[in-house]
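Scroll down for the structure; my scribbles are underneath it.
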Amino acid sequence: MANAVARFADGTVLATVLTAPGTTIGDFMNGKPTGAVWQWRPGDMAFREVPGTRLPGNNGLEVDPDQRHFYVVAFGWHAVVVFDRANTRRPLRRIVAPDFMPDNVHWSEGRLLAAGMRLDEPACGGLRRVTGRVADPMLCHRGWVVGAVDLAAGRIATVAYGHPQPGFSGLSAAVQVDDTLWLGSFQADRLATVTLP
């Protein structure tokens with residue numbers, strides 16, 4: 001089952017698979033590879049797995065404007081993983097988010113934005129729990145973070161953050177339009193906006 005999708009200018013389509021058959025969310029929360037990136041090129045009969053892209057919880061996905069790189073969120077590592085399109089056998093870099101769980105990444109206003117829920121949320125008893133191979137479904141409202149991925153420095157700088165809110169939880173995506181962040185969620189029945197200073 002595909003999770004995220006991105007497209008290169010030549011028509012090549014990439015898609016992530018979060019949990020392949022036989023794997024669980026608990027597996028990737030424990031750092032085990034559970035998914036991969038799959039690729040379809042114009043003329044192909046089917047998608048094929050991209051070598052070297054098996055990660056713990058392949059989630060968000062984005063291609064670089066340079067058309068030479070792509071970025072995958074490894075949810076179990078709380079990181080954005082950078083790949084060279086010409087040679088995917090080994091990632092170029094793993095950029096760990098210090099205080100949140102990136103879910104998706106998108107180019108927006110010239111920056112690669114990562115968005116997700118707070119990693120260690122006191123209102124939810126701290127870190128997400130995993131019992132055996134079963135992960136907490138995260139029904140407790142967690143705070144959220146949007147960060148800008150600094151590819152040169154290999155770090156993620158906080159752009160905006162917020163505390164738990166009953167009406168909006170499960171932050172999964174962010175896009176900036178002028179001075180406004182538009183926030184999406186995999187749990188809420190609405191979008192949210194935040195005005196940046």
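Here, A, B, ... name the chains of the structure tokens in the order displayed, residue numbers run from 1 inside each chain, and ligands are numbered from 1 in the same displayed order.
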Please, which residues in segment 81-188 of chain A fall within 10 Å of segment 41-58 of chain A when counting only C-alpha atoms, and what is the closest atom pair and distance in Å to one decimal for each, ordered by chain then residue number, as a tab-separated table?
residue	atom	partner	partner_atom	distance
A:Val81	CA	A:Leu55	CA	9.0
A:Phe83	CA	A:Thr53	CA	8.4
A:Arg85	CA	A:Val50	CA	9.6
A:Asn87	CA	A:Pro51	CA	8.7
A:Thr88	CA	A:Gly52	CA	5.5
A:Arg89	CA	A:Gly52	CA	4.2
A:Arg90	CA	A:Gly52	CA	5.6
A:Pro91	CA	A:Gly52	CA	7.4
A:Asp103	CA	A:Asn58	CA	9.4
Give me, as JSON, numbers by chain, all polymer residues having an atom no more than 10 Å from Ile156 of chain A, counting only C-alpha atoms and skipping those fewer than 2 positions away in the same chain. {"A": [79, 80, 95, 96, 97, 98, 99, 112, 113, 114, 146, 147, 148, 149, 150, 151, 153, 154, 158, 159]}
Restricting the calculation to only C-alpha atoms: of A:Val82, A:Leu181, A:Ala123, A:Leu61, which residue gets closest to Ala2 of chain A?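 With only C-alpha atoms as the atom set, the closest residue is A:Leu61.
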From the list A:Gly60, A:Pro197, A:Gly132, A:Pro166, the nearest residue to Asp179 of chain A using only C-alpha atoms is A:Pro197
All helix (DSSP H, G or I) positions in chain A, as a ChimeraX atom specification: /A:25-29,75-77,122-124
Write out as a PyMOL selection string each polymer residue whose atoms come within 9 Å of Arg128 of chain A, counting only C-alpha atoms; drop sequence neighbours fewer than 2 positions from it. chain A and resi 29+119-121+124-126+130+135-138
Same residues, C-alpha atoms, output as an mmCIF file, in the first residue's frame:
data_model
loop_
_atom_site.group_PDB
_atom_site.id
_atom_site.type_symbol
_atom_site.label_atom_id
_atom_site.label_comp_id
_atom_site.auth_asym_id
_atom_site.auth_seq_id
_atom_site.Cartn_x
_atom_site.Cartn_y
_atom_site.Cartn_z
ATOM 1 C CA MET A 29 9.149 2.258 15.952
ATOM 2 C CA LEU A 119 8.384 13.272 20.094
ATOM 3 C CA ASP A 120 8.297 13.489 23.882
ATOM 4 C CA GLU A 121 4.860 14.803 24.814
ATOM 5 C CA CYS A 124 0.649 11.805 26.544
ATOM 6 C CA GLY A 125 3.003 10.309 29.104
ATOM 7 C CA GLY A 126 6.175 11.016 27.102
ATOM 8 C CA VAL A 130 5.566 -0.010 21.794
ATOM 9 C CA ALA A 135 2.566 0.627 18.813
ATOM 10 C CA ASP A 136 0.371 3.054 20.743
ATOM 11 C CA PRO A 137 -2.183 4.427 18.200
ATOM 12 C CA MET A 138 -1.385 8.001 19.348
#
Distance table requested - segment 76-174 of chain A against segment 184-196 of chain A, cut-off 9 Å, only C-alpha atoms: one row per qualifying residue with the closest atom pair and its distance in Å to one decimal, ordered by chain and rising residue number, as CSV.
residue,atom,partner,partner_atom,distance
A:Gly116,CA,A:Ser185,CA,8.9
A:Leu139,CA,A:Gln187,CA,8.5
A:Val159,CA,A:Leu196,CA,8.4
A:Ala160,CA,A:Leu196,CA,7.6
A:Gly167,CA,A:Ala188,CA,7.1
A:Phe168,CA,A:Ala188,CA,5.4
A:Ser169,CA,A:Ala188,CA,5.9
A:Gly170,CA,A:Ser185,CA,5.1
A:Leu171,CA,A:Ser185,CA,4.4
A:Ser172,CA,A:Ser185,CA,4.8
A:Ala173,CA,A:Gly184,CA,4.9
A:Ala174,CA,A:Gly184,CA,6.3
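In this model, the gap between atom CA of Arg118 of chain A and atom CA of Gly143 of chain A comes to 5.1 Å.
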If you measure from atom CA of Val13 of chain A to atom CA of Glu62 of chain A, what distance in Å do you get, rounded to one decimal?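 Rounded to one decimal, the two atoms are 10.7 Å apart.
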Which residue is closest to Asp64 of chain A? Choose from A:Trp38, A:Trp77, A:Phe100, A:Phe8 and count only C-alpha atoms.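 Smallest distance to Asp64 of chain A is found for A:Phe8.
For the residues A:Gly76, A:Pro122, A:His69, A:Ala6, ranking by smallest atom-to-atom distance to Leu18 of chain A using only C-alpha atoms places A:Gly76 first.
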Just the strand (DSSP E) stuff from segment 43-151 of chain A, please, per backbone DSSP, written as a PyMOL selection string. chain A and resi 48-49+58-63+69-74+79-84+93-96+100-108+111-118+130-131+134-135+144-150
Hey, can you check how far atom CA of Ala115 of chain A sits from atom CA of Ala9 of chain A? 24.5 Å
For Phe28 of chain A, which residue out of A:Arg7, A:Arg94, A:Arg133, A:Arg111 is the nearest one, using only C-alpha atoms?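 Closest residue, counting only C-alpha atoms: A:Arg133.
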Using only C-alpha atoms, can you tell me which of A:Ala157, A:Glu109, A:Ala36, A:Gln67 comes closest to Asp178 of chain A?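 Once distances to Asp178 of chain A are computed over only C-alpha atoms, the minimum belongs to A:Glu109.
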